[in-house]
Amino acid sequence: MKREDYLSWDEYFMGIACLSAQRSKDPSTQVGACIVSEENKILSMGYNGMPRHCSDDEFPWAKEGSAQETKYMYVCHAELNAILNYAGGNLKGAKAYVTLFPCNECTKAIIQSGIKEVIYMCDKYADTDSVICSKMMLKAAGVNFRPYTPSGKKIEIDL
């Protein structure tokens, strides 16, 4: 008889997104993304961090100050990293599991790449212009989005 307490696909892929977020060096917000095919195969992953060859020791992580002194001008978001990290060509019909609802810039990349569904864990910026516009664009482009429903399962990994 098979096990009955195995992870659902949503639990599995959101777990991968959460694990990916742990790679982020951002002191305030760690975001992860996992993109999967229609056949539930992992295509790519990403987390928020500095672009390649831009030292995360030299570029700022501050949230306040002039534009050049804050992280916002430099950090590549998890969703964009996952899209850019995909080397297989086409993401048409894929799903993106994200730990934080995508900003408007990542939403453009999601739509342009052909991703058809976004499953998100947190929507703490729902009232911001960025997320309001993201939702408008996703709806207009026919990209479904839905919150992840936590199951309450706990997983502990000893590394």
# chains A, B, ... in the order shown; residues from 1 in each chain; ligands from 1
>>> residues_around(residues="Met73 in chain A", least_positions_apart="4", cutoff="10 Å", atoms="only C-alpha atoms", output="short mmCIF file (atom, residue, chain, number, x, y, z; two decimals) with all heavy atoms, in the first residue's frame")
data_model
loop_
_atom_site.label_atom_id
_atom_site.label_comp_id
_atom_site.auth_asym_id
_atom_site.auth_seq_id
_atom_site.Cartn_x
_atom_site.Cartn_y
_atom_site.Cartn_z
N MET A 50 21.68 39.99 -6.65
CA MET A 50 22.40 40.83 -7.60
C MET A 50 22.67 40.07 -8.90
O MET A 50 22.82 38.85 -8.88
CB MET A 50 23.75 41.28 -7.00
CG MET A 50 23.63 42.16 -5.77
SD MET A 50 22.79 43.71 -6.14
CE MET A 50 22.49 44.32 -4.48
N PHE A 59 27.52 46.08 -3.91
CA PHE A 59 26.29 46.80 -4.21
C PHE A 59 25.41 46.87 -2.96
O PHE A 59 25.48 45.99 -2.10
CB PHE A 59 25.54 46.13 -5.38
CG PHE A 59 26.17 46.43 -6.71
CD1 PHE A 59 27.23 45.68 -7.18
CD2 PHE A 59 25.70 47.48 -7.49
CE1 PHE A 59 27.83 45.95 -8.40
CE2 PHE A 59 26.29 47.77 -8.72
CZ PHE A 59 27.35 47.00 -9.17
N PRO A 60 24.60 47.90 -2.86
CA PRO A 60 23.85 48.13 -1.61
C PRO A 60 22.65 47.20 -1.41
O PRO A 60 22.03 46.75 -2.37
CB PRO A 60 23.37 49.58 -1.76
CG PRO A 60 23.25 49.80 -3.23
CD PRO A 60 24.35 48.96 -3.84
N ALA A 67 18.34 56.67 -4.86
CA ALA A 67 18.14 55.50 -5.72
C ALA A 67 19.41 54.66 -5.85
O ALA A 67 19.37 53.43 -5.77
CB ALA A 67 17.64 55.93 -7.10
N GLN A 68 20.54 55.32 -6.01
CA GLN A 68 21.80 54.61 -6.19
C GLN A 68 22.29 53.93 -4.91
O GLN A 68 23.16 53.07 -4.96
CB GLN A 68 22.88 55.55 -6.71
CG GLN A 68 22.61 56.01 -8.13
CD GLN A 68 23.69 56.94 -8.65
OE1 GLN A 68 24.79 56.99 -8.10
NE2 GLN A 68 23.37 57.68 -9.69
N GLU A 69 21.74 54.33 -3.76
CA GLU A 69 22.17 53.78 -2.48
C GLU A 69 21.28 52.65 -1.99
O GLU A 69 21.52 52.10 -0.92
CB GLU A 69 22.19 54.89 -1.42
CG GLU A 69 23.18 56.00 -1.70
CD GLU A 69 22.99 57.19 -0.78
OE1 GLU A 69 21.88 57.41 -0.26
OE2 GLU A 69 23.98 57.92 -0.57
#
>>> residues_around(residues="range 5-16 of chain A", least_positions_apart="5", cutoff="10 Å", atoms="only C-alpha atoms", output="JSON, numbers by chain")
{"A": [21, 32, 33, 34, 35, 36, 40, 41, 42, 45, 46, 95, 96, 97, 98, 99, 119, 120, 121, 148, 149, 150, 151, 152, 153, 155]}
>>> residues_around(residues="Gln22 in chain A", least_positions_apart="5", cutoff="9 Å", atoms="only C-alpha atoms", output="PyMOL selection string")
chain A and resi 17+30-32+47
>>> write_last_selection(atoms="N, CA, C and O atoms", output="PDB file, in the first residue's frame")
ATOM      1  N   ALA A  17      10.372  26.601  -4.201  1.00  0.00           N
ATOM      2  CA  ALA A  17      10.465  28.070  -4.247  1.00  0.00           C
ATOM      3  C   ALA A  17      10.952  28.614  -2.908  1.00  0.00           C
ATOM      4  O   ALA A  17      11.812  29.501  -2.862  1.00  0.00           O
ATOM      5  N   GLN A  30      13.487  37.710   1.318  1.00  0.00           N
ATOM      6  CA  GLN A  30      14.014  36.610   0.507  1.00  0.00           C
ATOM      7  C   GLN A  30      12.851  36.043  -0.302  1.00  0.00           C
ATOM      8  O   GLN A  30      11.827  35.658   0.268  1.00  0.00           O
ATOM      9  N   VAL A  31      13.007  36.033  -1.613  1.00  0.00           N
ATOM     10  CA  VAL A  31      11.947  35.577  -2.505  1.00  0.00           C
ATOM     11  C   VAL A  31      12.493  34.454  -3.383  1.00  0.00           C
ATOM     12  O   VAL A  31      13.624  34.530  -3.855  1.00  0.00           O
ATOM     13  N   GLY A  32      11.670  33.434  -3.603  1.00  0.00           N
ATOM     14  CA  GLY A  32      12.049  32.329  -4.461  1.00  0.00           C
ATOM     15  C   GLY A  32      10.986  32.056  -5.503  1.00  0.00           C
ATOM     16  O   GLY A  32       9.815  32.397  -5.317  1.00  0.00           O
ATOM     17  N   TYR A  47      15.972  33.191  -7.356  1.00  0.00           N
ATOM     18  CA  TYR A  47      15.793  33.916  -6.106  1.00  0.00           C
ATOM     19  C   TYR A  47      16.237  35.355  -6.335  1.00  0.00           C
ATOM     20  O   TYR A  47      16.903  35.659  -7.324  1.00  0.00           O
TER      21      TYR A  47
END
>>> residues_around(residues="Asp129 in chain A", least_positions_apart="6", cutoff="12 Å", atoms="only C-alpha atoms", output="list of chain:residue names")
A:Pro102, A:Cys103, A:Asn104, A:Glu105, A:Lys135, A:Met136
>>> atom_distance(atom1="CA of Asp56 in chain A", atom2="CA of Ser20 in chain A")
17.0 Å
>>> residues_around(residues="Val143 in chain A", least_positions_apart="3", cutoff="10 Å", atoms="only C-alpha atoms", output="list in words")
Gly93, Lys95, Thr107, Ile110, Ile111, Gly114, Ile115, Lys116, Glu117, Val118, Lys135, Met137, Leu138, Lys139 and Ala140 of chain A
>>> select_by_dssp(residues="chain A", states="strand (DSSP E)", output="PyMOL selection string")
chain A and resi 32-36+42-47+95-100+117-122+144-147
>>> write_last_selection(atoms="N, CA, C and O atoms", output="short mmCIF file (atom, residue, chain, number, x, y, z; two decimals), in the first residue's frame")
data_model
loop_
_atom_site.label_atom_id
_atom_site.label_comp_id
_atom_site.auth_asym_id
_atom_site.auth_seq_id
_atom_site.Cartn_x
_atom_site.Cartn_y
_atom_site.Cartn_z
N GLY A 32 11.67 33.43 -3.60
CA GLY A 32 12.05 32.33 -4.46
C GLY A 32 10.99 32.06 -5.50
O GLY A 32 9.81 32.40 -5.32
N ALA A 33 11.40 31.44 -6.60
CA ALA A 33 10.49 31.09 -7.69
C ALA A 33 10.88 29.74 -8.25
O ALA A 33 12.07 29.40 -8.31
N CYS A 34 9.88 28.97 -8.67
CA CYS A 34 10.08 27.68 -9.30
C CYS A 34 9.12 27.59 -10.48
O CYS A 34 7.91 27.72 -10.30
N ILE A 35 9.66 27.41 -11.66
CA ILE A 35 8.83 27.32 -12.87
C ILE A 35 8.75 25.86 -13.29
O ILE A 35 9.77 25.17 -13.37
N VAL A 36 7.53 25.40 -13.56
CA VAL A 36 7.31 23.99 -13.91
C VAL A 36 6.50 23.88 -15.20
O VAL A 36 5.70 24.73 -15.52
N ILE A 42 10.23 20.34 -13.26
CA ILE A 42 10.87 21.61 -12.92
C ILE A 42 11.71 22.08 -14.10
O ILE A 42 12.56 21.35 -14.61
N LEU A 43 11.44 23.31 -14.54
CA LEU A 43 12.16 23.88 -15.67
C LEU A 43 13.25 24.85 -15.22
O LEU A 43 14.31 24.92 -15.83
N SER A 44 12.97 25.59 -14.15
CA SER A 44 13.93 26.59 -13.70
C SER A 44 13.57 27.06 -12.29
O SER A 44 12.43 26.89 -11.84
N MET A 45 14.55 27.67 -11.64
CA MET A 45 14.35 28.24 -10.32
C MET A 45 15.09 29.55 -10.25
O MET A 45 16.00 29.80 -11.05
N GLY A 46 14.72 30.38 -9.27
CA GLY A 46 15.43 31.64 -9.08
C GLY A 46 15.15 32.22 -7.72
O GLY A 46 14.23 31.80 -7.02
N TYR A 47 15.97 33.19 -7.36
CA TYR A 47 15.79 33.92 -6.11
C TYR A 47 16.24 35.35 -6.33
O TYR A 47 16.90 35.66 -7.32
N LYS A 95 3.86 26.92 -15.33
CA LYS A 95 3.35 27.53 -14.11
C LYS A 95 4.54 28.06 -13.32
O LYS A 95 5.61 27.47 -13.32
N ALA A 96 4.32 29.20 -12.64
CA ALA A 96 5.35 29.78 -11.79
C ALA A 96 4.86 29.76 -10.35
O ALA A 96 3.79 30.29 -10.05
N TYR A 97 5.62 29.13 -9.49
CA TYR A 97 5.37 29.13 -8.05
C TYR A 97 6.28 30.19 -7.46
O TYR A 97 7.50 30.14 -7.65
N VAL A 98 5.71 31.18 -6.78
CA VAL A 98 6.48 32.29 -6.24
C VAL A 98 6.11 32.52 -4.78
O VAL A 98 4.95 32.35 -4.39
N THR A 99 7.10 32.90 -4.00
CA THR A 99 6.83 33.13 -2.58
C THR A 99 6.22 34.50 -2.33
O THR A 99 5.63 34.72 -1.28
N LEU A 100 6.33 35.42 -3.28
CA LEU A 100 5.76 36.76 -3.17
C LEU A 100 5.13 37.14 -4.50
O LEU A 100 5.73 36.89 -5.56
N GLU A 117 0.20 30.35 -15.57
CA GLU A 117 -0.38 30.39 -14.23
C GLU A 117 0.69 30.79 -13.22
O GLU A 117 1.83 30.37 -13.31
N VAL A 118 0.27 31.60 -12.25
CA VAL A 118 1.14 32.03 -11.16
C VAL A 118 0.48 31.59 -9.85
O VAL A 118 -0.68 31.91 -9.60
N ILE A 119 1.21 30.84 -9.05
CA ILE A 119 0.74 30.41 -7.73
C ILE A 119 1.64 31.13 -6.74
O ILE A 119 2.87 30.97 -6.78
N TYR A 120 1.06 31.93 -5.87
CA TYR A 120 1.84 32.76 -4.97
C TYR A 120 1.54 32.45 -3.51
O TYR A 120 0.43 32.08 -3.16
N MET A 121 2.55 32.62 -2.67
CA MET A 121 2.40 32.34 -1.24
C MET A 121 1.95 33.59 -0.48
O MET A 121 1.10 33.50 0.38
N CYS A 122 2.53 34.73 -0.79
CA CYS A 122 2.28 35.95 -0.02
C CYS A 122 1.91 37.08 -0.97
O CYS A 122 2.46 37.18 -2.07
N ASN A 144 -3.66 32.96 -15.42
CA ASN A 144 -4.33 32.69 -14.15
C ASN A 144 -3.38 32.94 -12.99
O ASN A 144 -2.18 32.71 -13.12
N PHE A 145 -3.92 33.39 -11.88
CA PHE A 145 -3.13 33.49 -10.66
C PHE A 145 -4.02 33.11 -9.49
O PHE A 145 -5.22 33.35 -9.49
N ARG A 146 -3.39 32.45 -8.53
CA ARG A 146 -4.13 32.00 -7.36
C ARG A 146 -3.20 31.90 -6.17
O ARG A 146 -2.00 31.66 -6.33
N PRO A 147 -3.75 32.09 -4.98
CA PRO A 147 -2.91 31.93 -3.80
C PRO A 147 -2.62 30.46 -3.54
O PRO A 147 -3.44 29.60 -3.84
#
>>> select_by_dssp(residues="chain A", states="alpha helix (DSSP H)", output="JSON, numbers by chain")
{"A": [9, 10, 11, 12, 13, 14, 15, 16, 17, 18, 19, 20, 21, 78, 79, 80, 81, 82, 83, 84, 85, 104, 105, 106, 107, 108, 109, 110, 111, 112, 113, 129, 130, 131, 132, 133, 134, 135, 136, 137, 138, 139, 140, 141]}
>>> closest_residue(among="A:Ser28, A:Asp158, A:Ala78, A:Lys63", to="Ala109 in chain A", atoms="only C-alpha atoms")
A:Ala78
>>> residues_around(residues="Cys76 in chain A", least_positions_apart="5", cutoff="8 Å", atoms="only C-alpha atoms", output="list in words")
Asn48, Gly49, Met50, Pro51 and Asn81 of chain A
>>> atom_distance(atom1="CA of Ala82 in chain A", atom2="CA of Lys124 in chain A")
21.2 Å
>>> closest_residue(among="A:Asp57, A:Ala126, A:Cys133, A:Ser113", to="Tyr86 in chain A", atoms="only C-alpha atoms")
A:Ser113
